[in-house]
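> So here's work.cif (mmCIF, C-alpha atoms).
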data_coords
loop_
_atom_site.label_atom_id
_atom_site.label_comp_id
_atom_site.auth_asym_id
_atom_site.auth_seq_id
_atom_site.Cartn_x
_atom_site.Cartn_y
_atom_site.Cartn_z
CA MET A 715 5.07 -32.14 42.33
CA ASN A 716 8.26 -31.06 40.57
CA LEU A 717 10.19 -28.00 39.42
CA HIS A 718 8.89 -28.27 35.87
CA GLN A 719 5.34 -27.78 37.14
CA PHE A 720 6.44 -24.75 39.17
CA ARG A 721 8.14 -23.23 36.13
CA PHE A 722 5.03 -23.82 34.00
CA VAL A 723 2.82 -22.06 36.58
CA ARG A 724 5.18 -19.07 36.82
CA GLU A 725 5.58 -18.74 33.06
CA ALA A 726 1.81 -19.00 32.47
CA VAL A 727 1.35 -15.95 34.70
CA ARG A 728 4.26 -14.11 33.06
CA GLN A 729 2.74 -14.74 29.64
CA ASN A 730 -0.62 -13.28 30.72
CA TYR A 731 -2.17 -16.77 31.06
CA ASN A 732 -1.41 -17.70 27.46
CA LEU A 733 -0.24 -21.33 27.71
CA THR A 734 0.88 -21.40 24.08
CA GLU A 735 3.26 -18.50 24.69
CA ALA A 736 4.36 -20.04 28.00
CA ALA A 737 5.21 -23.27 26.18
CA LYS A 738 7.21 -21.36 23.55
CA ALA A 739 9.15 -19.49 26.24
CA LEU A 740 10.05 -22.78 27.93
CA ALA A 741 10.72 -24.65 24.65
CA THR A 742 8.07 -27.26 25.27
CA SER A 743 4.55 -28.10 24.05
CA GLN A 744 1.31 -26.39 25.08
CA PRO A 745 -0.46 -29.71 25.86
CA GLY A 746 2.49 -30.68 28.06
CA VAL A 747 2.22 -27.41 30.02
CA SER A 748 -1.53 -27.77 30.44
CA LYS A 749 -1.27 -31.40 31.56
CA ALA A 750 1.49 -30.64 34.08
CA ILE A 751 -0.50 -27.79 35.65
CA ILE A 752 -3.64 -29.94 35.92
CA GLU A 753 -1.63 -32.72 37.56
CA LEU A 754 -0.23 -30.25 40.08
CA GLU A 755 -3.74 -28.94 40.84
CA ASP A 756 -4.95 -32.53 41.34
CA GLU A 757 -2.08 -33.24 43.71
CA LEU A 758 -2.70 -30.07 45.74
CA GLY A 759 -6.47 -30.48 45.72
CA VAL A 760 -7.14 -26.88 44.62
CA ASP A 761 -7.44 -25.00 41.33
CA ILE A 762 -4.50 -22.68 40.70
CA PHE A 763 -6.13 -21.02 37.69
CA ARG A 764 -9.64 -19.92 36.78
CA ARG A 765 -10.69 -21.26 33.39
CA HIS A 766 -13.26 -20.47 30.74
CA GLY A 767 -13.63 -23.67 28.80
CA LYS A 768 -10.08 -24.80 28.12
CA ARG A 769 -8.62 -21.31 28.38
CA VAL A 770 -6.80 -20.13 31.49
CA ARG A 771 -8.09 -16.71 32.54
CA SER A 772 -6.59 -15.74 35.92
CA LEU A 773 -5.29 -16.98 39.26
CA THR A 774 -7.64 -18.25 41.94
CA GLU A 775 -7.22 -17.07 45.52
CA PRO A 776 -5.23 -20.20 46.51
CA GLY A 777 -3.41 -19.84 43.18
CA ARG A 778 -2.09 -16.42 44.20
CA ALA A 779 -0.73 -17.87 47.45
CA ILE A 780 0.80 -20.82 45.58
CA LEU A 781 2.47 -18.48 43.07
CA ILE A 782 4.22 -16.61 45.89
CA SER A 783 5.69 -19.88 47.18
CA VAL A 784 6.58 -21.00 43.64
CA GLU A 785 8.48 -17.75 43.03
CA LYS A 786 10.43 -18.18 46.29
CA ILE A 787 11.27 -21.83 45.55
CA LEU A 788 12.49 -21.08 42.02
CA GLN A 789 14.51 -18.11 43.24
CA GLU A 790 16.24 -20.30 45.82
CA ILE A 791 16.97 -22.89 43.11
CA ASP A 792 18.58 -20.10 41.06
CA ASN A 793 20.56 -19.04 44.12
CA ILE A 794 21.87 -22.58 44.59
CA LYS A 795 23.01 -22.61 40.96
CA ARG A 796 24.72 -19.25 41.44
CA VAL A 797 26.60 -20.55 44.50
CA GLY A 798 28.00 -23.42 42.47
CA LYS A 799 28.86 -21.14 39.57
CA GLU A 800 30.56 -18.63 41.84
CA TYR A 801 32.93 -21.24 43.20
CA THR A 802 33.80 -22.48 39.72
CA GLU A 803 34.09 -18.96 38.28
CA GLN A 804 35.36 -16.90 41.20
CA ASP A 805 35.61 -13.43 39.73
CA GLN A 806 33.93 -13.63 36.38
CA GLY A 807 30.35 -13.40 35.25
CA LYS A 808 27.79 -10.83 34.18
CA LEU A 809 26.35 -7.95 36.21
CA VAL A 810 23.48 -5.79 34.94
CA ILE A 811 22.76 -2.40 36.54
CA ALA A 812 19.58 -0.42 35.85
CA ALA A 813 19.74 3.27 36.71
CA VAL A 814 18.22 6.66 36.01
CA GLN A 815 20.20 8.74 33.53
CA ALA A 816 21.61 11.17 36.10
CA HIS A 817 23.24 8.32 38.00
CA ILE A 818 24.52 6.71 34.81
CA ARG A 819 26.12 9.98 33.76
CA TYR A 820 27.43 11.27 37.10
CA THR A 821 27.38 8.69 39.92
CA LEU A 822 28.48 5.50 38.22
CA PRO A 823 31.61 6.42 36.15
CA PRO A 824 34.09 6.61 39.09
CA ILE A 825 32.47 3.63 40.80
CA VAL A 826 32.52 1.51 37.64
CA THR A 827 36.17 2.49 37.09
CA GLU A 828 37.08 1.26 40.58
CA PHE A 829 34.95 -1.88 40.18
CA LYS A 830 36.60 -2.85 36.87
CA LYS A 831 40.05 -2.55 38.45
CA LYS A 832 39.03 -5.20 41.00
CA PHE A 833 36.97 -7.40 38.67
CA PRO A 834 38.23 -7.02 35.09
CA ARG A 835 36.62 -10.29 33.99
CA VAL A 836 33.09 -9.30 34.99
CA LEU A 837 30.97 -8.23 32.01
CA LEU A 838 29.12 -5.11 33.13
CA SER A 839 25.95 -3.81 31.45
CA ILE A 840 24.05 -0.62 32.32
CA LEU A 841 20.40 -0.14 31.39
CA PRO A 842 18.77 3.33 31.52
CA GLY A 843 15.22 3.95 32.72
CA THR A 844 12.87 6.01 34.82
CA PRO A 845 12.64 5.09 38.54
CA SER A 846 9.59 2.90 37.86
CA GLN A 847 11.29 1.21 34.92
CA VAL A 848 14.40 0.57 37.01
CA ALA A 849 12.27 -1.09 39.71
CA GLU A 850 10.47 -3.21 37.10
CA MET A 851 13.77 -4.35 35.56
CA VAL A 852 15.08 -5.49 38.95
CA GLU A 853 11.79 -7.15 39.87
CA SER A 854 11.66 -9.08 36.57
CA GLU A 855 15.37 -9.96 36.95
CA GLN A 856 16.39 -8.15 33.77
CA ALA A 857 18.82 -6.29 36.05
CA ASP A 858 20.71 -7.49 39.13
CA LEU A 859 20.37 -4.19 40.94
CA GLY A 860 19.04 -0.69 40.35
CA LEU A 861 19.98 2.85 41.30
CA ILE A 862 17.30 5.51 41.81
CA ALA A 863 17.02 8.95 43.39
CA GLU A 864 13.59 8.44 45.03
CA ALA A 865 11.41 5.56 46.18
CA VAL A 866 8.61 4.33 43.94
CA THR A 867 5.49 2.40 44.92
CA GLY A 868 3.95 -0.95 44.07
CA HIS A 869 6.97 -3.30 44.24
CA GLN A 870 6.67 -5.35 47.42
CA GLU A 871 9.27 -7.93 46.32
CA LEU A 872 11.99 -5.27 46.26
CA ASN A 873 14.08 -3.74 49.03
CA LEU A 874 16.13 -0.57 49.23
CA LEU A 875 19.64 0.03 50.49
CA PRO A 876 20.68 3.60 51.30
CA SER A 877 23.43 4.79 48.99
CA LEU A 878 25.10 8.14 48.35
CA PRO A 879 23.55 11.42 49.64
CA TRP A 880 22.54 14.31 47.40
CA HIS A 881 20.72 17.64 47.58
CA TYR A 882 19.36 20.27 45.23
CA VAL A 883 21.20 23.38 44.14
CA ALA A 884 20.00 26.45 42.29
CA LEU A 885 22.03 27.11 39.15
CA LEU A 886 22.13 30.78 38.17
CA PRO A 887 23.97 33.11 35.81
CA SER A 888 26.70 34.77 37.88
CA HIS A 889 25.07 38.21 37.38
CA HIS A 890 21.56 37.04 38.44
CA PRO A 891 19.87 39.11 41.22
CA LEU A 892 19.38 36.00 43.39
CA THR A 893 23.14 35.50 43.73
CA ALA A 894 23.12 38.30 46.32
CA ASN A 895 21.24 35.97 48.68
CA GLU A 896 23.15 32.91 49.91
CA ARG A 897 20.01 31.40 51.50
CA LEU A 898 17.26 31.42 48.90
CA THR A 899 13.59 30.93 49.78
CA LEU A 900 10.84 29.17 47.86
CA ALA A 901 9.08 32.48 47.33
CA GLU A 902 12.21 34.01 45.78
CA LEU A 903 12.68 31.05 43.47
CA ALA A 904 9.03 31.17 42.43
CA ASN A 905 9.52 34.71 41.09
CA TYR A 906 11.63 33.41 38.21
CA PRO A 907 11.08 30.87 35.42
CA LEU A 908 12.48 27.50 36.51
CA ILE A 909 14.33 24.85 34.55
CA ILE A 910 14.08 21.44 36.23
CA TYR A 911 14.41 17.74 35.51
CA ASP A 912 11.44 16.08 33.89
CA THR A 913 9.66 14.32 36.77
CA ALA A 914 9.15 11.10 34.78
CA CYS A 915 12.85 10.87 33.93
CA ALA A 916 14.39 11.67 37.27
CA GLY A 917 11.70 11.11 39.89
CA HIS A 918 11.76 14.71 41.15
CA THR A 919 8.01 14.99 41.75
CA LYS A 920 8.47 16.20 45.34
CA LEU A 921 10.28 19.30 44.12
CA VAL A 922 7.15 20.62 42.43
CA GLN A 923 5.00 19.47 45.35
CA THR A 924 7.11 21.53 47.76
CA PHE A 925 6.11 24.71 45.94
CA ALA A 926 2.45 23.65 45.90
CA LEU A 927 2.46 23.09 49.68
CA GLN A 928 3.40 26.76 50.07
CA SER A 929 0.65 27.81 47.61
CA LEU A 930 3.30 28.84 45.09
CA THR A 931 2.96 28.17 41.37
CA PRO A 932 6.24 29.02 39.66
CA GLU A 933 6.53 29.07 35.90
CA ILE A 934 8.25 25.88 34.74
CA LEU A 935 10.01 27.09 31.63
CA LEU A 936 11.48 23.69 30.74
CA ARG A 937 11.50 20.10 31.96
CA ALA A 938 14.82 18.68 30.81
CA ILE A 939 15.97 15.07 30.58
CA ASP A 940 19.60 15.77 31.51
CA ALA A 941 21.74 18.24 33.45
CA ASP A 942 23.61 19.53 30.41
CA THR A 943 20.33 20.82 28.96
CA ILE A 944 19.55 22.64 32.22
CA LYS A 945 23.02 24.21 32.23
CA THR A 946 22.67 25.34 28.61
CA TYR A 947 19.37 27.14 29.16
CA VAL A 948 20.58 28.75 32.39
CA GLU A 949 23.63 30.06 30.54
CA LEU A 950 21.26 31.62 28.00
CA GLY A 951 19.62 33.54 30.85
CA LEU A 952 16.23 31.90 30.34
CA GLY A 953 15.62 30.81 33.92
CA VAL A 954 16.91 29.39 37.20
CA GLY A 955 17.99 25.77 37.14
CA ILE A 956 17.16 23.43 40.03
CA MET A 957 19.19 20.25 39.89
CA PRO A 958 20.94 17.65 42.08
CA ASN A 959 24.39 18.66 43.28
CA ILE A 960 25.83 15.38 41.95
CA THR A 961 25.28 16.65 38.41
CA LEU A 962 27.83 19.44 38.97
CA ASP A 963 30.74 17.10 38.36
CA THR A 964 33.09 19.78 37.06
CA PRO A 965 33.89 23.28 38.41
CA LEU A 966 31.56 25.94 37.04
CA ASN A 967 32.97 28.49 34.65
CA GLY A 968 32.73 32.16 35.53
CA THR A 969 29.30 32.56 33.88
CA LEU A 970 27.42 30.28 36.32
CA ARG A 971 27.00 29.99 40.06
CA ALA A 972 25.40 27.29 42.21
CA LEU A 973 23.66 27.99 45.54
CA PRO A 974 22.70 25.19 47.98
CA LEU A 975 19.02 24.43 48.57
CA GLU A 976 19.15 21.83 51.38
CA HIS A 977 17.28 24.23 53.66
CA VAL A 978 14.46 24.43 51.09
CA PHE A 979 14.12 20.88 49.74
CA GLY A 980 15.99 18.88 52.39
CA ASN A 981 18.67 16.23 51.99
CA HIS A 982 18.09 13.10 49.91
CA LEU A 983 19.54 9.64 49.46
CA THR A 984 20.24 7.66 46.36
CA HIS A 985 18.85 4.13 46.80
CA ILE A 986 20.11 0.77 45.61
CA VAL A 987 17.21 -1.45 44.50
CA LEU A 988 17.51 -5.20 45.10
CA LYS A 989 15.10 -8.09 44.79
CA GLN A 990 14.41 -9.83 48.09
CA GLY A 991 16.32 -13.08 48.50
CA THR A 992 18.87 -12.31 45.80
CA TYR A 993 22.12 -14.24 46.18
CA LEU A 994 24.98 -11.75 46.27
CA ARG A 995 28.08 -12.92 44.45
CA ARG A 996 31.41 -11.58 45.67
CA TYR A 997 31.71 -8.98 42.95
CA MET A 998 28.10 -7.87 43.45
CA ASN A 999 28.80 -7.32 47.14
CA ALA A 1000 31.86 -5.30 46.17
CA LEU A 1001 29.81 -3.04 43.89
CA ILE A 1002 27.18 -2.48 46.59
CA GLU A 1003 29.91 -1.56 49.06
CA LEU A 1004 31.24 1.01 46.59
CA LEU A 1005 27.73 2.44 46.19
CA SER A 1006 26.96 2.31 49.90
CA PRO A 1007 30.24 2.83 51.79
CA SER A 1008 28.50 3.49 55.12
CA LEU A 1009 27.12 -0.08 55.30
CA ASN A 1010 29.02 -3.24 56.18
CA ARG A 1011 28.32 -6.61 54.57
CA LYS A 1012 26.19 -7.86 57.48
CA GLU A 1013 23.93 -4.80 57.23
CA ILE A 1014 23.63 -5.28 53.47
CA GLU A 1015 22.56 -8.93 53.90
CA GLN A 1016 20.10 -8.03 56.67
CA THR A 1017 18.49 -5.27 54.59
CA LEU A 1018 18.25 -7.54 51.58
CA HIS A 1019 16.35 -10.22 53.48
CA GLU A 1020 14.59 -8.21 56.18
CA GLY A 1021 14.85 -4.60 55.06
CA TYR A 1022 12.23 -2.01 54.24
CA ALA A 1023 10.26 -2.45 51.04
CA ILE A 1024 10.45 -0.20 48.02
CA ASP A 1025 6.84 0.86 48.35
CA ALA A 1026 7.72 3.02 51.35
CA PRO A 1027 6.61 6.63 50.85
#
Mind converting the file's structure to structure tokens?


Amino acid sequence: MNLHQFRFVREAVRQNYNLTEAAKALATSQPGVSKAIIELEDELGVDIFRRHGKRVRSLTEPGRAILISVEKILQEIDNIKRVGKEYTEQDQGKLVIAAVQAHIRYTLPPIVTEFKKKFPRVLLSILPGTPSQVAEMVESEQADLGLIAEAVTGHQELNLLPSLPWHYVALLPSHHPLTANERLTLAELANYPLIIYDTACAGHTKLVQTFALQSLTPEILLRAIDADTIKTYVELGLGVGIMPNITLDTPLNGTLRALPLEHVFGNHLTHIVLKQGTYLRRYMNALIELLSPSLNRKEIEQTLHEGYAIDAP
């Protein structure tokens, strides 16, 4: 068996079992891919793929187990290459971050500024997405790491590192009746139209669920995709905004007031998303330390290889 066979197996699965497309992706011929896979199956004594005629249809049960090992082997090969490259190119390279829009707009700017001072030769790219899209980009290695506000399910190859804390605040016009109460309740909030983040964009599904658990059904006036939109509609007096405190990056003018809601919705953590077994280059470690200042490097490495999976509730 050889690495070419492993790559052919992995790419066949990635291309939805289309060997022609797998061959194109690997710049080789379809007959060559098919022959190499058959030779590997003969050597192992099991079928990796189910076939209908000459067409590959799906993985067999032993094929699924083999694919897991193939993925690990190829990832370690990539890690070995990265080690060599790191020592030849100490502080230069490419780093891709996937993040939800709120973190791109509010969390990352000061961190990226500090990072670029330390590593000016690193080419940094930032990809936006929903929490699920961020997880998928990290899992498929389109991104080196991700940044999300809440955990998502169904990604067992990914781990989470705790990052910066955040909590919800209620954003109100300064003359709003609720400003007289420093400790708002769910029932009080439910009496007014609410302006919140779109759950698909920001992962704030638990916010709505919290109301439902108390048998409250507030009017959701607007589901916005960014904090500036929430602020604009609150300023117009159309409702009460509920948003993460990290999105209040500048002092409020005299027309708006923010009240804390930790006692209602609890405290939350931003999470760094990493693929298990990822080799951390020096500048990648530095970025993680900026995003997660409470962790030391040993804890980061331990979480990456032994930490809790992203499909935690």

> State, in Å with one decimal place, the distance from CA of Glu976 in chain A to CA of Val883 in chain A.

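Here the two named atoms are 7.7 Å from each other.
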
> Could the residues of range 776-852 of chain A that have an atom at most 10 Å from range 936-942 of chain A be listed as a tab-separated table, each with its closest atom pair and the distance in Å to one decimal, counting all atoms listed in the file and ordered by chain and ascending residue number?


residue	atom	partner	partner_atom	distance
A:Gln815	CA	A:Asp940	CA	7.3
A:Ala816	CA	A:Asp940	CA	6.8
A:Arg819	CA	A:Asp940	CA	9.0
A:Tyr820	CA	A:Ala941	CA	9.7

> Which residues match the PyMOL selection byres ((chain A and resi 812) around 12) in the file above, as number ranges by chain?

A: 809-811, 813-818, 822, 838-862, 985-988

> Quote the spacing between CA of Ile762 in chain A and CA of Ala779 in chain A in Å to one decimal place.

9.1 Å

> What does the distance between CA of Asp792 in chain A and CA of Arg764 in chain A come to in Å, to one decimal place?

28.5 Å

> Evaluated on this file, the PyMOL selection byres ((chain A and resi 885) around 9) picks out some residues - which ones are they, written as JSON, numbers by chain?

{"A": [883, 884, 886, 887, 944, 945, 948, 954, 955, 956, 957, 970, 971, 972, 973]}

> Please write as a PDB file with C-alpha atoms, in the frame of the given file the full residue list that the PyMOL selection byres ((chain A and resi 981) around 9) yields on this file.


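What landed in selection-v2.pdb:
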ATOM      1  CA  PRO A 879      23.550  11.420  49.640  1.00  0.00           C
ATOM      2  CA  TRP A 880      22.540  14.310  47.400  1.00  0.00           C
ATOM      3  CA  HIS A 881      20.720  17.640  47.580  1.00  0.00           C
ATOM      4  CA  TYR A 882      19.360  20.270  45.230  1.00  0.00           C
ATOM      5  CA  LEU A 975      19.020  24.430  48.570  1.00  0.00           C
ATOM      6  CA  GLU A 976      19.150  21.830  51.380  1.00  0.00           C
ATOM      7  CA  HIS A 977      17.280  24.230  53.660  1.00  0.00           C
ATOM      8  CA  PHE A 979      14.120  20.880  49.740  1.00  0.00           C
ATOM      9  CA  GLY A 980      15.990  18.880  52.390  1.00  0.00           C
ATOM     10  CA  HIS A 982      18.090  13.100  49.910  1.00  0.00           C
ATOM     11  CA  LEU A 983      19.540   9.640  49.460  1.00  0.00           C
TER      12      LEU A 983
END

> Can you pull out the residues contacting range 923-930 of chain A? Cut-off 9 Å, using all atoms listed in the file, and skip same-chain residues under 3 positions away; I want them as number ranges by chain.

A: 900-901, 904, 919-920, 978-979

> Check the smallest atom-to-atom distance from each of A:Leu758, A:Phe722, A:Asn999, A:Gly868 to Pro745 in chain A using only C-alpha atoms, then report the winner.

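Among the listed residues, A:Phe722 lies closest to Pro745 in chain A.
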
> Between A:Ile780, A:Ser888, A:Pro1007, A:Ile910, which is the closest to Gly968 in chain A once you count all atoms listed in the file?

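Of A:Ile780, A:Ser888, A:Pro1007, A:Ile910, the one nearest Gly968 in chain A is A:Ser888, counting all atoms listed in the file.
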
> Which residue, A:Thr734, A:Thr984, A:Thr821, A:Gln789, has the smallest gap to Leu962 in chain A when you use only C-alpha atoms?

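That would be A:Thr821, the residue with the smallest distance to Leu962 in chain A.
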
> Determine the nearest neighbour of Gly777 in chain A from the options A:Glu755, A:Glu896, A:Glu790, A:Asp805, counting all atoms listed in the file.

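With all atoms listed in the file as the atom set, the closest residue is A:Glu755.
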